[in-house]
Each structure stands twice: as structure tokens, then as C-alpha cells.
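A.B. asks: Structure file target-v5.csv (CSV, C-alpha atoms) is given on the next line.
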```csv
chain,number,residue,atom,x,y,z
A,24,MET,CA,8.1,-14.2,-13.5
A,25,GLU,CA,8.8,-14.2,-9.8
A,26,CYS,CA,8.1,-11.3,-7.5
A,27,ILE,CA,9.7,-11.3,-4.1
A,28,VAL,CA,7.5,-9.4,-1.7
A,29,HIS,CA,9.4,-7.9,1.3
A,30,PHE,CA,7.1,-6.9,4.1
A,31,GLN,CA,7.0,-6.1,7.8
A,32,VAL,CA,4.6,-7.5,10.4
A,33,ILE,CA,4.0,-5.0,13.2
A,34,TYR,CA,3.1,-6.4,16.6
A,35,PRO,CA,1.5,-4.2,19.3
A,36,GLN,CA,3.2,-5.3,22.6
A,37,PRO,CA,6.1,-4.6,22.7
A,38,GLN,CA,6.2,-2.6,19.5
A,39,GLU,CA,8.0,-5.2,17.4
A,40,ARG,CA,8.6,-5.5,13.7
A,41,LYS,CA,9.4,-8.7,11.9
A,42,SER,CA,10.7,-8.4,8.4
A,43,LEU,CA,9.6,-11.3,6.2
A,44,ARG,CA,9.4,-12.2,2.5
A,45,GLY,CA,6.9,-14.0,0.3
A,46,LEU,CA,6.8,-15.1,-3.4
A,47,ILE,CA,4.2,-14.4,-6.0
A,48,PHE,CA,4.3,-15.3,-9.7
A,49,VAL,CA,3.3,-12.5,-12.1
A,50,GLY,CA,3.4,-11.8,-15.8
A,51,GLN,CA,6.5,-10.2,-17.5
A,52,GLY,CA,6.9,-6.6,-16.4
A,53,GLN,CA,3.9,-6.7,-14.0
A,54,GLU,CA,3.5,-6.2,-10.3
A,55,PRO,CA,1.3,-8.3,-8.2
A,56,ALA,CA,-2.4,-7.3,-7.8
A,57,ASN,CA,-3.7,-6.5,-4.3
A,58,SER,CA,-5.7,-9.7,-4.3
A,59,GLN,CA,-2.6,-11.7,-5.0
A,60,LEU,CA,-0.9,-10.0,-2.0
A,61,SER,CA,-3.9,-10.8,0.2
A,62,SER,CA,-3.9,-14.4,-0.9
A,63,MET,CA,-0.2,-14.7,-0.3
A,64,PHE,CA,-0.6,-13.4,3.3
A,65,LYS,CA,-3.5,-15.7,3.9
A,66,ASP,CA,-1.4,-18.7,2.8
A,67,MET,CA,1.2,-17.6,5.3
A,68,GLY,CA,-1.4,-17.5,8.1
A,69,PHE,CA,-2.2,-13.7,8.0
A,70,ASN,CA,-5.9,-13.2,7.2
A,71,VAL,CA,-5.8,-9.6,6.1
A,72,ARG,CA,-7.7,-6.9,4.1
A,73,LEU,CA,-6.2,-4.0,2.2
A,74,GLU,CA,-6.4,-0.8,4.4
A,75,ASP,CA,-4.4,1.7,2.4
A,76,GLU,CA,-3.6,1.0,-1.3
A,77,ALA,CA,-1.1,3.8,-1.6
A,78,GLN,CA,1.1,2.5,1.2
A,79,LEU,CA,0.3,-1.2,0.7
A,80,LEU,CA,-0.9,-1.5,4.3
A,81,PHE,CA,-2.9,-4.5,5.3
A,82,LYS,CA,-4.9,-4.9,8.5
A,83,PRO,CA,-6.2,-8.1,10.1
A,84,VAL,CA,-9.7,-9.2,9.3
A,85,ASP,CA,-10.1,-10.8,12.8
A,86,ALA,CA,-10.0,-8.3,15.7
A,87,SER,CA,-8.3,-11.0,17.9
A,88,ALA,CA,-5.3,-11.3,15.6
A,89,ASN,CA,-1.9,-10.9,17.4
A,90,PHE,CA,-0.5,-8.3,15.0
A,91,GLU,CA,-1.5,-4.7,14.2
A,92,TYR,CA,-0.8,-4.5,10.5
A,93,ILE,CA,1.4,-5.6,7.6
A,94,ARG,CA,3.2,-3.1,5.4
A,95,VAL,CA,4.8,-4.1,2.1
A,96,THR,CA,8.2,-2.4,1.9
A,97,GLU,CA,9.4,-3.7,-1.5
A,98,LEU,CA,8.2,-5.6,-4.6
A,99,ASP,CA,11.3,-7.2,-6.2
A,100,THR,CA,10.6,-8.4,-9.7
A,101,GLY,CA,14.3,-8.8,-10.6
A,102,GLU,CA,14.4,-5.7,-12.8
A,103,GLU,CA,17.1,-3.3,-11.9
A,104,VAL,CA,15.8,-0.1,-10.4
A,105,TYR,CA,18.2,2.8,-10.0
A,106,LYS,CA,17.7,5.2,-7.1
A,107,GLU,CA,20.1,8.0,-6.6
A,108,ASP,CA,21.5,8.2,-3.1
A,109,LYS,CA,21.6,11.9,-2.5
A,110,ASP,CA,23.4,11.7,0.8
A,111,LEU,CA,26.2,9.5,-0.7
A,112,LYS,CA,26.5,11.9,-3.7
A,113,SER,CA,26.9,14.9,-1.3
A,114,ILE,CA,29.5,13.2,0.8
A,115,LEU,CA,31.5,12.2,-2.3
A,116,GLU,CA,31.4,15.7,-3.7
A,117,HIS,CA,32.9,17.1,-0.5
A,118,LEU,CA,35.6,14.4,-0.2
A,119,LEU,CA,36.8,14.0,-3.8
A,120,PRO,CA,39.1,16.8,-5.1
A,121,ARG,CA,37.7,18.8,-7.9
A,122,ARG,CA,39.5,18.7,-11.2
A,123,PHE,CA,39.8,21.8,-13.4
```
Now that the file is in, can you turn its structure into C-alpha cells?

C.D. replies:
Amino acid sequence: MECIVHFQVIYPQPQERKSLRGLIFVGQGQEPANSQLSSMFKDMGFNVRLEDEAQLLFKPVDASANFEYIRVTELDTGEEVYKEDKDLKSILEHLLPRRF
């Protein structure tokens, strides 16, 4: 199964963010392991180590790297994930007439 990894590369000067994507193959219903993410980044030219597992934050191994860190923003395995948009729900409740 394919997992599309959405991530941002943060550069120090000027504070710049580049949104990129990568692809990892995983088993059915699984998410990629941290080692798979590190290998994917290395294949893309980013030699990194996991800094914060909870936030999926990766920092460069080499101090002379031209980026500060990489942050994974989404792991898309193709399975539908529902997230309620509370702001949209609130707006709709105020705009739509109530039926009694």
C-alpha cells in the first residue's frame, strides 16, 4: 500500500518553508516506521535523524546542512479520515434557518 508523506522543509535565512511530498510503501492499514521516513528523506538528499517522535520532526545530521529541520505534516494512506471542521459547523448553524 502506498503512503504519501507530506512534509515541510524549513530553511533558516530567510525563514522559508517548502512543502514537499514523498512516497513510501507500507502494509495494509499501517503507517510508515520512523526508519522508513529517515530513509525516504536520505534518498531525497536530506540526511536527517528523528528529533521529536510525537511531532515527527527531523533535524539534519550534518551541522553544515542548508536547512533547519523537516516536519511531517500528513501521512496519507488513502484511507478516508473524517475531521469535523468546528468553525464551518458554527458558521452554518448561524446562517441556516432553524426548523421547528

A.B. asks: Can you measure CA of Pro83 (chain A) to CA of Phe48 (chain A) for me? One decimal in Å is fine.

C.D. replies: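 Those two atoms sit 23.5 Å apart.
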
A.B. asks: Neighbouring residues of Ile33 (chain A) were defined as those with any atom within 9 Å, considering all atoms listed in the file; residues of the same chain fewer than 3 positions away were excluded. Please report them as number ranges by chain.

C.D. replies: A: 38-42, 90-94

A.B. asks: Next, write the just-selected residues to a file, as a PDB file, in the coordinates of the input, keeping C-alpha atoms as the atom set.

C.D. replies:
```
ATOM      1  CA  GLN A  38       6.200  -2.600  19.500  1.00  0.00           C
ATOM      2  CA  GLU A  39       8.000  -5.200  17.400  1.00  0.00           C
ATOM      3  CA  ARG A  40       8.600  -5.500  13.700  1.00  0.00           C
ATOM      4  CA  LYS A  41       9.400  -8.700  11.900  1.00  0.00           C
ATOM      5  CA  SER A  42      10.700  -8.400   8.400  1.00  0.00           C
ATOM      6  CA  PHE A  90      -0.500  -8.300  15.000  1.00  0.00           C
ATOM      7  CA  GLU A  91      -1.500  -4.700  14.200  1.00  0.00           C
ATOM      8  CA  TYR A  92      -0.800  -4.500  10.500  1.00  0.00           C
ATOM      9  CA  ILE A  93       1.400  -5.600   7.600  1.00  0.00           C
ATOM     10  CA  ARG A  94       3.200  -3.100   5.400  1.00  0.00           C
TER      11      ARG A  94
END
```

A.B. asks: Rounded to one decimal, what separation in Å do you get between CA of Glu25 (chain A) and CA of Leu46 (chain A)?

C.D. replies: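 Those two atoms sit 6.8 Å apart.
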
A.B. asks: Between CA of Glu74 (chain A) and CA of Ala86 (chain A), what distance in Å does the model show, to one decimal?

C.D. replies: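 Spanning CA of Glu74 (chain A) to CA of Ala86 (chain A) is a straight-line distance of 14.0 Å.
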
A.B. asks: Considering all atoms listed in the file, can you say which of A:Val95, A:Glu102, A:Asp110, A:Gln36 comes closest to Ser61 (chain A)?

C.D. replies: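 Nearest candidate to Ser61 (chain A) out of A:Val95, A:Glu102, A:Asp110, A:Gln36: A:Val95.
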
A.B. asks: Calculated over only C-alpha atoms, which of the candidates A:Val84, A:Val49, A:Leu115, A:Val71 has the smallest distance to Val28 (chain A)?

C.D. replies: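 Of all the options, A:Val49 lies closest to Val28 (chain A).
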
A.B. asks: With distances taken over only C-alpha atoms, which residue among A:Leu119, A:Pro37, A:Lys112, A:Ile27 lies nearest Leu60 (chain A)?

C.D. replies: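 Residue with the minimum atom-to-atom distance to Leu60 (chain A): A:Ile27.
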